[in-house]
Structures are given as C-alpha cells and as structure tokens.
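input-v4.txt follows (compact mmCIF, C-alpha atoms and all ligand atoms):
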```
# COMPACT_ATOMS: atom_id res chain seq x y z
CA MET A 3 11.10 43.51 -46.70
CA SER A 4 11.13 42.70 -50.37
CA ALA A 5 11.99 45.36 -52.93
CA LYS A 6 8.52 45.05 -54.50
CA GLU A 7 7.04 48.47 -55.17
CA SER A 8 3.45 49.60 -55.55
CA PRO A 9 3.52 51.74 -58.68
CA ALA A 10 -0.24 52.30 -58.50
CA ARG A 11 0.12 54.73 -55.62
CA PRO A 12 2.27 57.84 -55.72
CA PRO A 13 5.11 58.28 -53.25
CA VAL A 14 3.88 59.45 -49.86
CA LYS A 15 4.60 63.13 -49.21
CA LEU A 16 6.48 62.78 -45.98
CA ALA A 17 7.89 65.10 -43.33
CA VAL A 18 10.25 63.78 -40.65
CA LEU A 19 10.42 65.51 -37.26
CA ILE A 20 13.62 65.08 -35.26
CA SER A 21 15.43 66.45 -32.22
CA GLY A 22 18.71 64.57 -32.44
CA GLU A 23 21.02 62.49 -34.61
CA GLY A 24 18.38 61.25 -37.00
CA THR A 25 19.55 57.68 -37.53
CA ASN A 26 15.92 56.70 -38.09
CA LEU A 27 15.68 59.50 -40.63
CA GLN A 28 18.73 57.96 -42.31
CA ALA A 29 17.04 54.54 -42.38
CA ILE A 30 14.01 56.11 -44.08
CA ILE A 31 16.24 57.90 -46.62
CA ASP A 32 18.15 54.67 -47.30
CA ALA A 33 14.99 52.58 -47.75
CA THR A 34 13.77 55.20 -50.23
CA SER A 35 17.08 55.13 -52.13
CA ARG A 36 16.94 51.31 -52.32
CA GLY A 37 13.41 51.46 -53.75
CA GLU A 38 11.89 49.67 -50.76
CA LEU A 39 9.84 52.71 -49.80
CA ARG A 40 8.12 55.17 -52.12
CA ALA A 41 8.48 58.40 -50.17
CA ASP A 42 8.93 61.99 -51.24
CA ILE A 43 10.66 63.43 -48.16
CA ARG A 44 9.58 67.02 -48.54
CA LEU A 45 10.93 68.38 -45.30
CA VAL A 46 12.82 67.64 -42.10
CA VAL A 47 12.00 69.81 -39.08
CA SER A 48 13.85 69.91 -35.77
CA ASN A 49 12.91 71.80 -32.64
CA LYS A 50 16.67 72.05 -31.98
CA ALA A 51 18.86 74.06 -34.35
CA GLY A 52 21.95 71.96 -33.55
CA ALA A 53 20.33 68.58 -34.26
CA GLY A 54 22.69 66.36 -36.28
CA GLY A 55 19.75 65.10 -38.31
CA LEU A 56 19.31 68.51 -39.99
CA GLU A 57 22.77 68.28 -41.51
CA ARG A 58 22.09 64.67 -42.46
CA ALA A 59 18.97 65.79 -44.37
CA ARG A 60 20.79 68.61 -46.16
CA ARG A 61 23.54 66.22 -47.27
CA HIS A 62 20.80 64.30 -49.08
CA GLY A 63 19.32 67.44 -50.64
CA ILE A 64 16.24 67.39 -48.40
CA PRO A 65 14.95 70.77 -47.17
CA ALA A 66 15.66 70.99 -43.45
CA GLN A 67 14.67 73.65 -40.99
CA ALA A 68 14.78 74.36 -37.28
CA LEU A 69 11.71 75.55 -35.43
CA ASP A 70 12.88 76.43 -31.94
CA HIS A 71 10.14 75.63 -29.45
CA ARG A 72 11.62 78.13 -26.98
CA GLN A 73 10.48 80.95 -29.23
CA PHE A 74 6.84 80.10 -28.58
CA VAL A 75 4.91 80.90 -25.42
CA THR A 76 2.69 77.82 -25.45
CA ARG A 77 2.87 74.28 -26.83
CA GLU A 78 -0.16 75.12 -28.97
CA ASP A 79 1.57 78.16 -30.49
CA PHE A 80 4.54 76.00 -31.46
CA ASP A 81 2.24 73.36 -32.93
CA ARG A 82 0.32 75.97 -34.95
CA ALA A 83 3.59 77.11 -36.52
CA LEU A 84 4.54 73.49 -37.15
CA VAL A 85 1.19 72.74 -38.85
CA ALA A 86 1.59 75.84 -41.05
CA THR A 87 5.11 74.77 -42.06
CA LEU A 88 4.01 71.23 -42.87
CA ASN A 89 0.99 72.43 -44.84
CA SER A 90 3.11 74.86 -46.82
CA HIS A 91 5.12 71.83 -48.00
CA GLU A 92 1.92 69.86 -48.78
CA VAL A 93 2.88 67.13 -46.34
CA GLU A 94 0.57 64.12 -46.14
CA LEU A 95 2.25 61.95 -43.49
CA VAL A 96 4.41 63.06 -40.56
CA ALA A 97 7.01 60.70 -39.08
CA CYS A 98 8.33 61.67 -35.65
CA ALA A 99 11.79 60.11 -35.35
CA GLY A 100 13.35 61.01 -32.05
CA PHE A 101 11.26 64.20 -31.87
CA MET A 102 11.28 64.86 -28.15
CA ARG A 103 8.16 67.00 -27.95
CA ILE A 104 4.68 66.05 -26.85
CA LEU A 105 2.26 67.08 -29.58
CA SER A 106 -0.81 69.03 -28.55
CA PRO A 107 -4.29 68.41 -29.99
CA VAL A 108 -3.58 71.31 -32.40
CA MET A 109 -1.08 69.12 -34.25
CA VAL A 110 -2.76 65.74 -33.70
CA ARG A 111 -6.13 66.97 -35.02
CA ALA A 112 -4.50 68.63 -38.04
CA PHE A 113 -3.12 65.22 -39.13
CA PRO A 114 -5.55 62.60 -37.81
CA ASN A 115 -4.00 59.12 -38.10
CA ARG A 116 -1.34 60.75 -40.25
CA ILE A 117 1.36 61.17 -37.61
CA MET A 118 3.58 58.21 -36.77
CA ASN A 119 6.04 57.97 -33.92
CA ILE A 120 8.63 55.43 -32.87
CA HIS A 121 9.23 54.60 -29.23
CA PRO A 122 12.16 52.50 -27.93
CA ALA A 123 10.03 50.11 -25.87
CA LEU A 124 7.16 47.69 -26.32
CA CYS A 125 4.25 50.10 -25.85
CA PRO A 126 2.41 50.53 -23.57
CA ALA A 127 5.45 49.69 -21.39
CA PHE A 128 7.89 52.44 -20.42
CA PRO A 129 6.29 55.52 -22.02
CA GLY A 130 8.04 58.90 -22.09
CA VAL A 131 11.78 59.51 -21.92
CA ASN A 132 14.62 57.11 -20.98
CA ALA A 133 12.64 54.01 -21.91
CA GLN A 134 15.75 51.86 -22.39
CA LYS A 135 17.10 52.80 -18.94
CA ALA A 136 13.73 52.07 -17.39
CA ALA A 137 13.61 48.64 -19.08
CA CYS A 138 17.12 47.75 -17.83
CA GLU A 139 16.34 48.84 -14.30
CA TYR A 140 13.02 47.02 -14.23
CA GLY A 141 14.69 43.75 -15.18
CA VAL A 142 12.41 42.82 -18.09
CA ARG A 143 13.62 39.92 -20.25
CA PHE A 144 12.35 41.49 -23.45
CA SER A 145 11.93 45.00 -24.71
CA GLY A 146 11.90 46.44 -28.23
CA CYS A 147 10.41 49.22 -30.25
CA THR A 148 7.00 50.33 -31.44
CA VAL A 149 5.77 52.36 -34.39
CA PHE A 150 2.32 53.78 -33.71
CA PHE A 151 -0.11 56.47 -34.80
CA VAL A 152 0.11 59.47 -32.50
CA GLY A 153 -3.01 60.21 -30.48
CA GLU A 154 -3.61 62.74 -27.77
CA GLY A 155 -1.90 60.70 -25.02
CA VAL A 156 1.80 59.91 -24.55
CA ASP A 157 3.09 56.90 -26.52
CA ASP A 158 -0.34 55.25 -26.41
CA GLY A 159 -1.71 55.46 -29.96
CA PRO A 160 -2.78 52.54 -32.20
CA ILE A 161 0.20 50.23 -32.80
CA ILE A 162 1.36 49.57 -36.36
CA VAL A 163 4.52 47.45 -35.94
CA GLN A 164 6.58 46.21 -33.00
CA ALA A 165 9.94 44.45 -32.82
CA VAL A 166 11.11 42.51 -29.78
CA VAL A 167 14.68 42.22 -28.52
CA PRO A 168 16.04 40.30 -25.53
CA VAL A 169 17.28 42.15 -22.46
CA TYR A 170 20.04 40.67 -20.31
CA PRO A 171 20.72 41.31 -16.62
CA ASP A 172 24.14 42.83 -17.36
CA ASP A 173 22.82 45.17 -20.06
CA ASP A 174 23.18 48.89 -19.59
CA GLU A 175 21.12 51.60 -21.23
CA ALA A 176 23.60 52.16 -24.08
CA ARG A 177 23.86 48.51 -25.04
CA LEU A 178 20.11 48.00 -24.99
CA ALA A 179 19.54 51.23 -26.91
CA ALA A 180 21.95 50.05 -29.63
CA ARG A 181 20.17 46.68 -29.88
CA ILE A 182 16.81 48.41 -30.17
CA HIS A 183 18.09 50.95 -32.70
CA VAL A 184 18.96 48.17 -35.17
CA GLN A 185 15.33 47.05 -35.15
CA GLU A 186 13.97 50.61 -35.28
CA HIS A 187 15.80 51.09 -38.55
CA ARG A 188 14.00 48.06 -39.97
CA ILE A 189 10.46 48.65 -38.75
CA TYR A 190 10.06 52.40 -39.30
CA PRO A 191 10.53 52.30 -43.10
CA TYR A 192 8.30 49.21 -43.13
CA ALA A 193 5.47 50.99 -41.29
CA ILE A 194 5.69 53.97 -43.64
CA ARG A 195 5.67 51.62 -46.60
CA LEU A 196 2.46 49.97 -45.36
CA TYR A 197 0.91 53.44 -45.16
CA GLN A 198 2.12 54.39 -48.63
CA GLU A 199 0.61 51.21 -50.01
CA GLY A 200 -2.74 52.19 -48.49
CA ARG A 201 -2.83 49.08 -46.34
CA LEU A 202 -3.36 50.54 -42.86
CA GLU A 203 -6.82 50.94 -41.40
CA VAL A 204 -7.34 52.21 -37.85
CA ARG A 205 -10.39 50.80 -36.09
CA GLY A 206 -10.52 51.95 -32.49
CA ARG A 207 -7.26 51.02 -30.81
CA LYS A 208 -6.27 48.52 -33.51
CA VAL A 209 -4.52 48.88 -36.82
CA PHE A 210 -5.56 46.35 -39.46
CA ILE A 211 -3.23 45.61 -42.37
CA SER A 212 -4.83 44.59 -45.64
CA ASP A 213 -3.45 41.91 -47.96
CA PHE A 214 -1.55 40.33 -45.12
CA PRO A 215 -1.49 36.57 -44.66
CA THR A 216 -3.23 35.88 -41.35
CA VAL A 217 -0.96 33.13 -40.09
CA HIS A 218 -1.58 32.80 -36.37
CA ASN A 219 1.37 30.76 -35.23
CA SER A 220 2.01 29.81 -31.65
CA SER A 221 5.75 30.28 -31.52
CA ALA A 222 7.15 32.10 -28.51
CA ALA A 223 10.42 33.80 -27.65
CA ILE A 224 11.66 32.73 -24.23
CA ASN A 225 14.51 34.47 -22.43
CA PRO A 226 16.51 32.82 -20.95
CA PRO A 227 15.97 29.98 -23.42
CA LEU A 228 14.55 26.72 -22.15
CA PRO A 229 17.27 24.08 -21.61
C1 LIG B 1 15.12 56.55 -31.05
O1 LIG B 1 15.62 55.50 -30.28
C2 LIG B 1 13.64 56.74 -30.80
O2 LIG B 1 12.97 55.53 -30.53
C3 LIG B 1 13.66 57.63 -29.58
O3 LIG B 1 14.68 58.54 -29.84
C4 LIG B 1 15.70 57.89 -30.60
C5 LIG B 1 16.07 58.78 -31.76
O4 LIG B 1 17.18 58.24 -32.43
N1 LIG B 1 12.41 58.26 -29.36
C6 LIG B 1 11.88 58.42 -28.16
O5 LIG B 1 12.44 58.11 -27.12
C7 LIG B 1 10.49 59.03 -28.15
N2 LIG B 1 9.85 58.84 -26.90
P1 LIG B 1 17.64 58.84 -33.82
O6 LIG B 1 17.69 60.37 -33.66
O7 LIG B 1 19.01 58.28 -34.01
O8 LIG B 1 16.68 58.42 -34.86
```

Take the structure I supplied and represent it as structure tokens, if you would.
Amino acid sequence: MSAKESPARPPVKLAVLISGEGTNLQAIIDATSRGELRADIRLVVSNKAGAGGLERARRHGIPAQALDHRQFVTREDFDRALVATLNSHEVELVACAGFMRILSPVMVRAFPNRIMNIHPALCPAFPGVNAQKAACEYGVRFSGCTVFFVGEGVDDGPIIVQAVVPVYPDDDEARLAARIHVQEHRIYPYAIRLYQEGRLEVRGRKVFISDFPTVHNSSAAINPPLP
C-alpha cells in the first residue's frame, strides 16, 4: 500500500470490536499512525472485560469499553446495547477484529454494509471458529484470510479482500495461524482504506472497487511448486 492519502474525504469514524489480543486492532492503529489509513478510531468495544486489546486501545488514547454479553438475556438485547453505544460515539464503520460473537439482524440492519469482519480462512471455506485447525486437518494446500461485509449469515458476506498463504502437511494450527496473521495485518487496514476512499460498492454478492486497474492476469500459485 502506498502512503498516498485522499484528503478530499474525511477520516472514517471507526469502531473496532474485539474479544482477544487485538493484533488486528494494532495493525489498524499503526496504519493510521503511518498515514496509510485515514481513520478516527472513536471506540474499541470488547464483549470480554479481560481482553488484551482493551488495554492496547487505552495505551493509544482510544476510548475502550467492555460490554459483557453475559449480562444480556438474548443476543438481540446485547446487540441493541451495542448499537446504542456505537451510535452514541457517532460511528460510521464497524470493524470486527477477532470479535467472537455472531451478530444478530438487530446489529447488521443498523449498519448495512458498514460492518466488516476478518476471518482466518479463504471464505466460504472453514466458517466459524477454529478455521486454521480445520484447514490443517483437511489437508488443503492453501488457506488465507478474508475481509468481508457482515451479512446475516456466518462468515458469508460480500468479500472485499483476500490473501492466500500456503499450507504444508507438517503445519499445526499455531504455525498456520501465525502465517495468516501476518497477512491479516496487511489486508484489514487496506480494506478499511478502500472504504474510507469511497471506493467500495456492493452489488449483490460482489464488491466492486472503483479506480482499480482491471488487469486480469493468469498467474497461479501452485503448492507444492511444479518441478
Ligand atoms: C484473527 O485471526 C481473526 O481472523 C480471528 O480472530 C483472530 C483475532 O486476532 N477471527 C475469527 O476467527 C472470526 N471468525 P487478534 O485479536 O490478534 O486480532
């Protein structure tokens, strides 16, 4: 990604939802600091009070709060509280980054095509939890990560960016997860940047990116490589 900015558009008012360490949150913060992404990170929310990512946000002066899902009777009740919190911070775009909650229609319809998620597999393969373990056990030669717009299904919304990594027969879940994480940290800030620049248009299942050179090359990644 080049450091070119788009001064015509204001920074995107962003909230990041997390449940864990927040290394993707860190990548978004870092891309913003480097000027590669114009984002005003207004809020970080975790459904787990002990999530490391909350502390990470506070260290960078970003408001961070826990919203414990166990305090709500239904998924919809939790999502209503989440929508109210996000609206009170005038959030425009929501980035789920390791947020291990399925969003109900209450949340999805409050932010139509304005919620992104990242999944550690090449969607629609291996949806849900433990995607890296599932990929290792299946024996695929490639996996990767996907940034997509959240719809009402699980990990099946319109795809914005994907990155592919090789998988080797002696990989375990941790090694594959680490390889995928490196690419997640590149493509998530990139996807948010495309949104901030006003370049994403969802038509049905597909996301079209404006001002993008349509070079259809025929190169292929092959694993194991041909001799
Ligand atoms: C990431 O690998 C992300 O793809 C995954 O959780 C991890 C969070 O890491 N998300 C899912 O599995 C969602 N189905 P992080 O807290 O270090 O950003």

*asked:* Counting all atoms listed in the file, what are the residues, protein, DNA or RNA alike, that approach ligand LIG 1 (chain B) to within 9 Å? I want them as a PyMOL selection string.
replied: chain A and resi 20-29+53-55+98-104+119-123+129-134+147-149+156-157+179-180+182-183+186-187

Counting only C-alpha atoms, what is within 8 Å of segment 74-90 of chain A, bar same-chain residues fewer than 3 positions away, as a PDB file with C-alpha atoms, keeping the file's coordinate frame?
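So result08.pdb came out as:
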```pdb
ATOM      1  CA  ALA A  17       7.890  65.100 -43.330  1.00  0.00           C
ATOM      2  CA  LEU A  45      10.930  68.380 -45.300  1.00  0.00           C
ATOM      3  CA  LEU A  69      11.710  75.550 -35.430  1.00  0.00           C
ATOM      4  CA  ASP A  70      12.880  76.430 -31.940  1.00  0.00           C
ATOM      5  CA  HIS A  71      10.140  75.630 -29.450  1.00  0.00           C
ATOM      6  CA  VAL A  93       2.880  67.130 -46.340  1.00  0.00           C
ATOM      7  CA  LEU A 105       2.260  67.080 -29.580  1.00  0.00           C
ATOM      8  CA  SER A 106      -0.810  69.030 -28.550  1.00  0.00           C
ATOM      9  CA  PRO A 107      -4.290  68.410 -29.990  1.00  0.00           C
ATOM     10  CA  VAL A 108      -3.580  71.310 -32.400  1.00  0.00           C
ATOM     11  CA  MET A 109      -1.080  69.120 -34.250  1.00  0.00           C
ATOM     12  CA  ALA A 112      -4.500  68.630 -38.040  1.00  0.00           C
TER      13      ALA A 112
END
```

*In file coordinates, which residues lie within 10 Å of (15.0, 41.2, -29.6) using all atoms listed in the file, given as an MDAnalysis selection string?*
chainID A and resid 143:147 165:169 178 181:182 184:185 223 225

_Between atom CA of Val18 of chain A and atom CA of Cys138 of chain A, what is the distance in Å, rounded to a tenth?_
28.7 Å

*For atom CA of Ile162 of chain A and atom CA of Ile224 of chain A, determine how far apart the two atoms are, in Å to one decimal place.*
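Going from atom CA of Ile162 of chain A over to atom CA of Ile224 of chain A covers 23.2 Å.
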
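In this model, the gap between atom CA of Ala136 of chain A and atom CA of Asp158 of chain A comes to 17.0 Å.
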
*Up to 10 Å from (-7.1, 49.9, -35.1) in the file's coordinates: name the residues, counting all atoms listed in the file, as a list in words.*
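Selection result: Phe151, Gly159, Pro160, Ile161, Ile162, Leu202, Glu203, Val204, Arg205, Gly206, Arg207, Lys208, Val209, Phe210 and Ile211 of chain A.
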
*Of the residues A:Pro126, A:Pro191, A:Pro229, A:Gly155, which is the one nearest to Ile30 of chain A, using all atoms listed in the file?*
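Using all atoms listed in the file, Ile30 of chain A sits closest to A:Pro191.
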
_Taking 2 positions as the minimum chain separation for residues in the same chain, which residues sit within 9 Å of Phe113 of chain A when counting only C-alpha atoms? Answer as a PyMOL selection string._
chain A and resi 85+94-96+109-111+115-117

Expected axis-aligned box over every listed atom of segment 166-171 of chain A, 4 Å added per side, centre plus edges in Å to one decimal, as JSON:
```
{"center_x": 15.9, "center_y": 41.4, "center_z": -23.2, "size_x": 17.6, "size_y": 10.2, "size_z": 21.2}
```

*Considering only C-alpha atoms, return as a ChimeraX atom specification whatever protein or nucleic-acid residues lie within 12 Å of His62 of chain A, sequence-local ones (same chain, fewer than 2 positions apart) excluded.*
/A:27-28,30-32,34-35,43-46,55-60,64-66

_Best match for closeness to Ala97 of chain A among A:Arg40, A:Met118, A:His218, A:Pro227, counting all atoms listed in the file_ =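 Answer, going by the shortest atom-to-atom distance: A:Met118.
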
*Which one is closest to Ser48 of chain A: A:Gln67, A:His91, A:Phe150, A:Arg36? Count only C-alpha atoms.*
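The closest residue to Ser48 of chain A is A:Gln67.
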
_I'd like the neighbourhood of Tyr140 of chain A as a PyMOL selection string, where a residue qualifies if any of its atoms comes within 12 Å (using all atoms listed in the file), though same-chain residues fewer than 6 positions away should be ignored._
chain A and resi 127-128+133-134+169-171+173-175
